[in-house]
>>> print(open('work.cif').read())   # mmCIF, C-alpha atoms
data_entry
#
loop_
_atom_site.label_atom_id
_atom_site.label_comp_id
_atom_site.auth_asym_id
_atom_site.auth_seq_id
_atom_site.Cartn_x
_atom_site.Cartn_y
_atom_site.Cartn_z
CA MET B 1 16.45 132.10 131.05
CA VAL B 2 16.67 135.86 130.81
CA TRP B 3 17.68 135.97 134.46
CA LEU B 4 20.58 133.52 133.87
CA THR B 5 21.87 135.51 130.94
CA VAL B 6 21.83 138.71 132.92
CA SER B 7 23.69 137.04 135.81
CA LEU B 8 26.47 135.84 133.53
CA VAL B 9 26.92 139.23 131.91
CA THR B 10 27.14 140.96 135.28
CA SER B 11 29.70 138.47 136.69
CA LEU B 12 32.09 138.52 133.68
CA PRO B 13 33.98 141.67 134.74
CA ALA B 14 34.66 140.21 138.20
CA LEU B 15 36.01 136.94 136.75
CA ALA B 16 38.25 138.79 134.29
CA GLY B 17 39.64 140.88 137.12
CA ARG B 18 40.48 137.84 139.17
CA CYS B 19 42.26 136.18 136.18
CA PHE B 20 44.34 139.27 135.50
CA ALA B 21 45.32 139.48 139.18
CA TRP B 22 46.47 135.82 139.19
CA LEU B 23 48.51 136.35 136.03
CA ASP B 24 50.18 139.40 137.56
CA ARG B 25 51.18 137.44 140.65
CA ALA B 26 52.52 134.51 138.58
CA ALA B 27 54.57 136.84 136.36
CA ALA B 28 56.02 138.63 139.39
CA SER B 29 56.97 135.31 141.01
CA LEU B 30 58.66 134.10 137.79
CA VAL B 31 60.68 137.32 137.44
CA GLN B 32 61.75 137.05 141.06
CA ARG B 33 62.95 133.48 140.61
CA ILE B 34 64.91 134.40 137.49
CA GLN B 35 66.61 137.24 139.35
CA LEU B 36 67.52 134.95 142.25
CA TRP B 37 68.97 132.36 139.82
CA PHE B 38 71.30 134.87 138.15
CA LEU B 39 72.32 136.50 141.44
CA ALA B 40 73.04 133.15 143.18
CA PRO B 41 76.74 132.03 143.40
CA SER B 42 77.91 129.35 140.91
CA ARG B 43 77.32 125.82 142.13
CA PRO B 44 79.96 123.06 141.69
CA CYS B 45 79.30 120.62 138.92
CA HIS B 46 78.88 117.10 140.21
CA ASN B 47 79.03 115.45 136.80
CA HIS B 48 82.52 113.96 136.52
CA LYS B 49 82.34 114.16 132.74
CA LEU B 50 81.87 117.93 132.86
CA ALA B 51 84.14 118.59 135.80
CA HIS B 52 87.12 120.87 135.38
CA PRO B 53 90.31 119.01 134.54
CA ASN B 54 92.06 120.50 137.55
CA SER B 55 89.33 119.36 139.90
CA SER B 56 90.42 117.22 142.81
CA HIS B 57 87.93 114.55 141.69
CA HIS B 58 89.72 114.11 138.33
CA ARG B 59 92.35 111.38 138.16
CA HIS B 60 95.35 112.10 135.94
CA THR B 61 97.37 109.37 134.15
CA ALA B 62 100.71 110.33 132.66
CA LYS B 63 100.98 109.63 128.95
CA LYS B 64 103.18 106.65 128.21
CA PRO B 65 106.17 107.25 125.92
CA ASP B 66 106.18 105.85 122.40
CA TRP B 67 109.23 103.68 123.03
CA LEU B 68 107.26 101.79 125.67
CA LYS B 69 104.49 101.03 123.15
CA GLN B 70 107.06 99.76 120.67
CA GLU B 71 108.64 97.55 123.33
CA ILE B 72 105.25 96.04 124.20
CA ILE B 73 104.65 95.35 120.50
CA ARG B 74 108.09 93.74 120.17
CA LEU B 75 107.57 91.56 123.24
CA LYS B 76 104.27 90.27 121.88
CA ALA B 77 105.90 89.55 118.52
CA VAL B 78 108.74 87.50 120.01
CA MET B 79 106.46 85.89 122.66
CA PRO B 80 103.13 85.33 120.89
CA HIS B 81 101.72 83.17 123.69
CA ALA B 82 102.48 85.66 126.49
CA GLY B 83 99.43 87.31 128.05
CA CYS B 84 98.88 90.94 128.95
CA ARG B 85 99.77 90.38 132.60
CA SER B 86 103.03 88.60 131.70
CA ILE B 87 104.10 91.38 129.34
CA ALA B 88 103.20 94.01 131.96
CA ASP B 89 105.27 92.17 134.57
CA ILE B 90 108.25 91.99 132.20
CA CYS B 91 108.07 95.72 131.50
CA ASN B 92 107.68 96.64 135.17
CA ARG B 93 110.62 94.49 136.23
CA ARG B 94 112.80 96.18 133.61
CA PHE B 95 111.65 99.79 133.79
CA ALA B 96 110.04 100.42 137.22
CA ALA B 97 113.31 101.14 139.00
CA SER B 98 115.53 102.16 136.07
CA ARG B 99 113.13 104.55 134.30
CA ASN B 100 110.46 105.11 136.96
CA ILE B 101 107.63 103.94 134.72
CA THR B 102 105.11 101.12 135.12
CA VAL B 103 102.27 99.70 133.07
CA GLY B 104 99.16 97.71 133.85
CA LYS B 105 97.61 94.79 132.02
CA THR B 106 94.76 97.04 130.81
CA TYR B 107 97.18 99.41 129.10
CA VAL B 108 99.04 96.47 127.55
CA HIS B 109 95.74 95.06 126.27
CA GLN B 110 94.85 98.40 124.68
CA VAL B 111 98.23 98.65 122.94
CA LEU B 112 98.03 95.10 121.62
CA GLN B 113 94.48 95.59 120.42
CA GLN B 114 95.31 98.82 118.60
CA HIS B 115 98.50 97.47 116.98
CA ASP B 116 97.52 93.89 116.14
CA TYR B 117 98.40 94.25 112.43
CA GLU B 118 101.77 95.77 113.27
CA ILE B 119 102.51 92.81 115.56
CA GLN B 120 101.74 90.35 112.77
CA ILE B 121 104.05 92.21 110.38
CA LEU B 122 106.86 92.24 112.95
CA ARG B 123 106.43 88.51 113.60
CA ARG B 124 106.75 87.85 109.88
CA LYS B 125 109.93 89.93 109.69
CA LEU B 126 111.44 88.11 112.66
CA LYS B 127 110.57 84.80 111.06
CA HIS B 128 112.44 85.66 107.85
CA THR B 129 115.38 87.47 109.45
CA LYS B 130 118.78 86.02 108.55
CA PRO B 131 120.08 84.08 111.57
CA ARG B 132 123.06 85.49 113.39
CA THR B 133 126.42 83.77 113.07
CA VAL B 134 127.26 81.32 115.85
CA PRO B 135 130.45 79.30 116.44
CA ARG B 136 130.77 75.83 114.99
CA ASN B 137 129.70 72.92 117.18
CA LEU B 138 128.04 75.17 119.75
CA ILE B 139 124.34 74.50 119.08
CA TRP B 140 122.80 71.47 117.41
CA GLY B 141 119.23 71.45 116.15
CA ILE B 142 117.43 68.12 116.06
CA ASP B 143 113.99 67.12 114.80
CA LEU B 144 111.93 64.35 113.25
CA SER B 145 110.25 64.02 109.88
CA GLY B 146 108.75 61.14 107.91
CA LYS B 147 108.53 59.42 104.53
CA THR B 148 105.95 56.95 103.28
CA ASP B 149 107.34 54.18 101.07
CA THR B 150 105.63 52.62 98.06
CA PRO B 151 103.77 49.92 100.07
CA GLY B 152 102.37 52.70 102.29
CA CYS B 153 104.49 52.23 105.42
CA LEU B 154 105.52 55.44 107.22
CA HIS B 155 109.17 55.69 108.28
CA PHE B 156 110.46 58.33 110.69
CA ILE B 157 113.57 60.35 109.80
CA PHE B 158 115.85 61.76 112.51
CA GLY B 159 118.18 64.63 111.66
CA ILE B 160 120.89 66.60 113.46
CA ILE B 161 122.27 69.86 112.07
CA ASP B 162 124.98 72.18 113.38
CA HIS B 163 123.75 75.76 113.69
CA GLY B 164 127.10 77.40 113.01
CA SER B 165 128.13 75.59 109.83
CA ARG B 166 124.74 74.18 108.72
CA ALA B 167 126.53 70.82 108.48
CA LEU B 168 124.13 67.87 108.41
CA LEU B 169 125.77 65.71 111.07
CA HIS B 170 123.28 62.86 111.18
CA LEU B 171 120.39 61.75 108.96
CA GLN B 172 118.83 58.36 109.52
CA ALA B 173 115.55 56.48 109.53
CA PRO B 174 115.61 54.72 112.94
CA HIS B 175 113.80 51.45 113.60
CA ASP B 176 111.56 53.05 116.21
CA LYS B 177 110.68 56.46 117.58
CA THR B 178 111.73 56.27 121.22
CA SER B 179 113.83 58.50 123.43
CA ARG B 180 116.45 55.78 123.93
CA THR B 181 116.85 55.31 120.16
CA LEU B 182 117.27 59.03 119.56
CA LEU B 183 119.78 59.30 122.39
CA ALA B 184 121.78 56.46 120.80
CA CYS B 185 121.81 58.32 117.47
CA LEU B 186 122.88 61.47 119.26
CA CYS B 187 125.76 59.65 120.97
CA ASP B 188 126.95 58.33 117.59
CA ALA B 189 127.08 61.90 116.24
CA ILE B 190 128.95 63.09 119.35
CA ARG B 191 131.59 60.38 118.95
CA THR B 192 132.14 61.46 115.34
CA HIS B 193 131.90 65.25 115.52
CA GLY B 194 132.39 66.19 119.17
CA LYS B 195 129.95 67.34 121.83
CA PRO B 196 127.89 70.54 121.51
CA LYS B 197 126.98 72.76 124.41
CA VAL B 198 123.29 73.12 123.52
CA ILE B 199 120.68 70.88 121.90
CA ARG B 200 117.65 72.74 120.54
CA THR B 201 114.34 70.93 120.00
CA ASP B 202 110.65 71.66 119.77
CA ASN B 203 108.12 70.63 122.42
CA GLU B 204 107.27 67.20 121.02
CA ALA B 205 106.67 64.65 123.76
CA ILE B 206 109.65 62.53 122.74
CA PHE B 207 111.99 65.49 123.37
CA THR B 208 110.40 66.52 126.66
CA SER B 209 110.31 63.02 128.14
CA ARG B 210 112.14 62.29 131.36
CA ILE B 211 114.47 59.80 129.66
CA PHE B 212 115.57 62.27 126.98
CA ARG B 213 116.08 65.14 129.41
CA ARG B 214 118.00 62.92 131.84
CA GLY B 215 120.18 61.62 129.01
CA LEU B 216 121.16 65.14 127.94
CA LYS B 217 121.92 66.03 131.55
CA GLN B 218 124.23 63.03 131.90
CA LEU B 219 125.99 64.03 128.67
CA GLY B 220 126.49 67.56 130.03
CA ILE B 221 124.43 69.19 127.25
CA ARG B 222 121.96 71.98 127.92
CA HIS B 223 118.48 71.37 126.51
CA GLN B 224 116.89 74.38 124.84
CA LEU B 225 113.18 74.24 123.91
CA THR B 226 111.53 76.50 121.36
CA ASP B 227 108.35 78.38 122.22
CA PRO B 228 105.12 76.59 121.22
CA GLY B 229 103.99 77.62 117.76
CA CYS B 230 107.39 79.15 116.85
CA PRO B 231 109.13 76.64 114.53
CA TRP B 232 111.45 79.34 113.18
CA GLN B 233 113.29 79.34 116.50
CA ASN B 234 114.75 76.04 115.31
CA GLY B 235 114.76 77.23 111.72
CA ARG B 236 117.94 75.53 110.51
CA ILE B 237 116.64 71.98 110.99
CA GLU B 238 113.20 73.04 109.74
CA ARG B 239 114.79 74.43 106.57
CA LEU B 240 116.80 71.24 106.13
CA PHE B 241 113.69 69.08 106.28
CA GLY B 242 112.00 71.46 103.86
CA THR B 243 114.77 70.81 101.32
CA LEU B 244 114.68 67.07 102.02
CA LYS B 245 110.91 66.80 101.61
CA GLU B 246 111.03 68.76 98.36
CA LYS B 247 113.33 66.07 96.93
CA LEU B 248 111.71 63.06 98.62
CA ASN B 249 108.27 63.99 97.32
CA GLN B 250 109.65 63.43 93.80
CA TRP B 251 111.44 60.19 94.67
CA GLN B 252 109.99 56.75 95.27
CA VAL B 253 111.24 54.70 98.22
CA GLN B 254 110.60 50.98 98.10
CA ASN B 255 111.51 49.97 101.65
CA PHE B 256 113.28 50.88 104.89
CA ALA B 257 116.76 49.82 103.72
CA GLN B 258 116.57 51.86 100.52
CA LEU B 259 115.43 54.92 102.49
CA ASN B 260 118.53 54.82 104.70
CA ARG B 261 120.81 54.45 101.66
CA ASP B 262 119.11 57.37 99.95
CA LEU B 263 119.40 59.52 103.09
CA GLN B 264 123.17 59.01 103.16
CA VAL B 265 123.39 60.09 99.52
CA PHE B 266 121.32 63.17 100.32
CA ARG B 267 123.56 63.97 103.29
CA HIS B 268 126.66 63.88 101.09
CA TRP B 269 125.00 66.12 98.49
CA TYR B 270 123.80 68.55 101.19
CA ASN B 271 127.18 68.84 102.90
CA HIS B 272 129.67 68.67 100.00
CA VAL B 273 127.86 69.65 96.80
CA ARG B 274 125.03 72.10 97.43
CA PRO B 275 126.16 75.74 98.02
CA HIS B 276 124.28 77.32 100.93
CA GLN B 277 122.81 80.79 100.46
CA ASN B 278 123.24 81.81 104.11
CA LEU B 279 126.89 80.68 103.94
CA ASP B 280 127.67 83.09 101.08
CA GLY B 281 127.86 80.27 98.55
CA GLN B 282 130.00 77.91 100.63
CA THR B 283 128.99 74.34 101.38
CA PRO B 284 128.52 73.24 105.01
CA ALA B 285 131.54 70.92 104.74
CA GLU B 286 133.75 73.80 103.59
CA LEU B 287 132.67 76.00 106.47
CA TRP B 288 133.04 73.15 108.97
CA SER B 289 136.61 72.57 107.78
CA GLY B 290 137.44 76.29 107.54
CA ILE B 291 138.01 76.22 103.77
CA ASN B 292 137.33 79.34 101.72
CA PRO B 293 136.68 78.22 98.12
CA TYR B 294 137.12 81.80 96.88
CA ALA B 295 140.65 82.01 98.30
CA LYS B 296 141.96 78.44 98.21
CA PRO B 297 142.10 76.65 94.83
CA HIS B 298 140.65 73.15 94.75
CA LYS B 299 142.70 70.15 93.62
CA GLN B 300 139.91 68.24 91.96
CA GLU B 301 136.33 68.79 90.88
CA GLN B 302 133.84 66.01 90.25
CA TRP B 303 130.32 66.14 88.86
CA PHE B 304 127.87 64.56 91.27
CA GLU B 305 124.42 63.30 90.28
CA ALA B 306 121.95 61.06 92.13
CA TRP B 307 118.25 60.34 92.51
CA ASP B 308 117.74 60.50 88.71
CA GLY B 309 119.14 64.02 88.58
CA LEU B 310 117.23 65.43 91.58
CA LEU B 311 120.56 65.80 93.41
CA ALA B 312 123.29 67.28 91.22
CA GLY B 313 126.25 69.66 91.32
CA TYR B 314 130.02 69.89 91.52
CA CYS B 315 131.92 68.39 94.41
CA LEU B 316 135.25 70.17 94.99
CA ARG B 317 138.13 68.40 96.70
CA TYR B 318 140.98 70.29 98.38
#
>>> encode(input="work.cif", output="structure tokens")
Amino acid sequence: MVWLTVSLVTSLPALAGRCFAWLDRAAASLVQRIQLWFLAPSRPCHNHKLAHPNSSHHRHTAKKPDWLKQEIIRLKAVMPHAGCRSIADICNRRFAASRNITVGKTYVHQVLQQHDYEIQILRRKLKHTKPRTVPRNLIWGIDLSGKTDTPGCLHFIFGIIDHGSRALLHLQAPHDKTSRTLLACLCDAIRTHGKPKVIRTDNEAIFTSRIFRRGLKQLGIRHQLTDPGCPWQNGRIERLFGTLKEKLNQWQVQNFAQLNRDLQVFRHWYNHVRPHQNLDGQTPAELWSGINPYAKPHKQEQWFEAWDGLLAGYCLRY
């Protein structure tokens, strides 16, 4: 035991010397590596996120002008069912050659996603914008509505309105809802009021049928369809049926014959008695005939009242 202790004590200085020598060599090697690192030339950065903006590996995209964003927003507002690719194609066809600018569907998608609320606001403004003035007997709007009588039978109502004068040219509950029946009603209105150049309808199957489209073609009338989900594009007939339903919901109809009599009374009230806000207070009949009630004195005035007071007002005769 004493021998082992003496051996350890005598070998400790040698072990300590070896450890210190190894530490010296390691420190010298570390210093040398640090010096080589600082003296070495700068290496290119291969991380594209940290690369210099002027590097050849960086791809530049010119910033799109603000007017292009606004045009994309407007196109989506007026064409709500158009996709990103369709809107991009429309912009490129219009601006690629004239303004030397193009867009991709990804950019269009980003703009629409960022400005979704603005698009909804613009669509609402377009919906409530006052329609522009059009000549009389140029465009007719037609549509169908319905009324349930007291026994519970549903009757269809077919209406025709002139876009220029807002004149209600035809209002009738037909016996059936077929393309041939509607074409016959349309021919009756043409014989009375003349032929329009355009008929505007929605995309209901009865208006897109082959019979209806062929009938309009034979009459020489262009058929204009509204976009799906955009009833305001045929807003004049929609507004007419809104006024009609407001009155009909307060009025009881016993049968089919009474409904047709009541519709003729409503048509007279709508055309000759009720002043129209979008016509600056004129009635559709006055605008159709070119009569200005503020400049031409009337010869006779008559109080009109029907449907238990639901339809009332003064009818002026010139």
>>> residues_around(input="work.cif", residues="range 184-194 of chain B", least_positions_apart="3", cutoff="12 Å", atoms="all atoms listed in the file", output="number ranges by chain")
B: 136-143, 157-162, 167-181, 197, 199, 211-212, 215-216, 218-221, 288-289
>>> closest_residue(input="work.cif", among="B:Asn255, B:Thr129, B:Thr106, B:Gln300", to="Gln233 in chain B", atoms="all atoms listed in the file")
B:Thr129
>>> resolve_selection(input="work.cif", expression="the PyMOL selection byres ((chain B and resi 126) around 12)", output="list in words")
Arg74, Leu75, Lys76, Ala77, Val78, Met79, Ile119, Gln120, Ile121, Leu122, Arg123, Arg124, Lys125, Lys127, His128, Thr129, Lys130, Pro131, Arg132, Cys230, Pro231, Trp232, Gln233 and Gly235 of chain B
>>> atom_distance(input="work.cif", atom1="CA of Phe266 in chain B", atom2="CA of Gly164 in chain B")
19.9 Å
>>> atom_distance(input="work.cif", atom1="CA of Asn271 in chain B", atom2="CA of Cys315 in chain B")
9.7 Å
>>> decode(input="work.cif", residues="range 139-183 of chain B", atoms="C-alpha atoms", output="PDB file, in the first residue's frame")
ATOM      1  CA  ILE B 139     -85.138  48.123 -74.405  1.00  0.00           C
ATOM      2  CA  TRP B 140     -87.964  46.141 -72.840  1.00  0.00           C
ATOM      3  CA  GLY B 141     -87.543  44.242 -69.599  1.00  0.00           C
ATOM      4  CA  ILE B 142     -89.718  41.179 -69.066  1.00  0.00           C
ATOM      5  CA  ASP B 143     -90.117  38.827 -66.124  1.00  0.00           C
ATOM      6  CA  LEU B 144     -92.514  36.573 -64.245  1.00  0.00           C
ATOM      7  CA  SER B 145     -93.993  36.777 -60.775  1.00  0.00           C
ATOM      8  CA  GLY B 146     -96.859  35.043 -58.987  1.00  0.00           C
ATOM      9  CA  LYS B 147     -99.914  35.490 -56.768  1.00  0.00           C
ATOM     10  CA  THR B 148    -101.753  32.907 -54.706  1.00  0.00           C
ATOM     11  CA  ASP B 149    -105.536  33.348 -54.608  1.00  0.00           C
ATOM     12  CA  THR B 150    -107.813  32.678 -51.650  1.00  0.00           C
ATOM     13  CA  PRO B 151    -108.379  28.964 -52.464  1.00  0.00           C
ATOM     14  CA  GLY B 152    -104.588  28.513 -52.559  1.00  0.00           C
ATOM     15  CA  CYS B 153    -104.001  28.287 -56.315  1.00  0.00           C
ATOM     16  CA  LEU B 154    -100.815  29.954 -57.601  1.00  0.00           C
ATOM     17  CA  HIS B 155    -101.176  32.129 -60.708  1.00  0.00           C
ATOM     18  CA  PHE B 156     -98.212  33.387 -62.727  1.00  0.00           C
ATOM     19  CA  ILE B 157     -97.989  37.074 -63.682  1.00  0.00           C
ATOM     20  CA  PHE B 158     -96.166  38.182 -66.834  1.00  0.00           C
ATOM     21  CA  GLY B 159     -95.002  41.783 -67.121  1.00  0.00           C
ATOM     22  CA  ILE B 160     -93.318  43.930 -69.783  1.00  0.00           C
ATOM     23  CA  ILE B 161     -91.833  47.338 -68.974  1.00  0.00           C
ATOM     24  CA  ASP B 162     -90.125  49.900 -71.196  1.00  0.00           C
ATOM     25  CA  HIS B 163     -86.719  50.903 -69.845  1.00  0.00           C
ATOM     26  CA  GLY B 164     -86.773  54.438 -71.191  1.00  0.00           C
ATOM     27  CA  SER B 165     -90.176  55.612 -69.952  1.00  0.00           C
ATOM     28  CA  ARG B 166     -90.845  52.990 -67.231  1.00  0.00           C
ATOM     29  CA  ALA B 167     -94.205  52.467 -68.954  1.00  0.00           C
ATOM     30  CA  LEU B 168     -95.876  49.202 -67.965  1.00  0.00           C
ATOM     31  CA  LEU B 169     -96.743  47.914 -71.433  1.00  0.00           C
ATOM     32  CA  HIS B 170     -98.217  44.554 -70.498  1.00  0.00           C
ATOM     33  CA  LEU B 171     -99.378  42.954 -67.237  1.00  0.00           C
ATOM     34  CA  GLN B 172    -101.332  39.732 -67.359  1.00  0.00           C
ATOM     35  CA  ALA B 173    -101.841  36.412 -65.615  1.00  0.00           C
ATOM     36  CA  PRO B 174    -101.521  33.903 -68.510  1.00  0.00           C
ATOM     37  CA  HIS B 175    -103.259  30.532 -68.505  1.00  0.00           C
ATOM     38  CA  ASP B 176     -99.945  28.671 -68.584  1.00  0.00           C
ATOM     39  CA  LYS B 177     -96.243  29.325 -68.259  1.00  0.00           C
ATOM     40  CA  THR B 178     -94.846  28.274 -71.632  1.00  0.00           C
ATOM     41  CA  SER B 179     -92.557  29.948 -74.119  1.00  0.00           C
ATOM     42  CA  ARG B 180     -95.280  30.016 -76.785  1.00  0.00           C
ATOM     43  CA  THR B 181     -97.714  31.767 -74.426  1.00  0.00           C
ATOM     44  CA  LEU B 182     -95.161  34.402 -73.456  1.00  0.00           C
ATOM     45  CA  LEU B 183     -94.256  34.994 -77.096  1.00  0.00           C
TER      46      LEU B 183
END
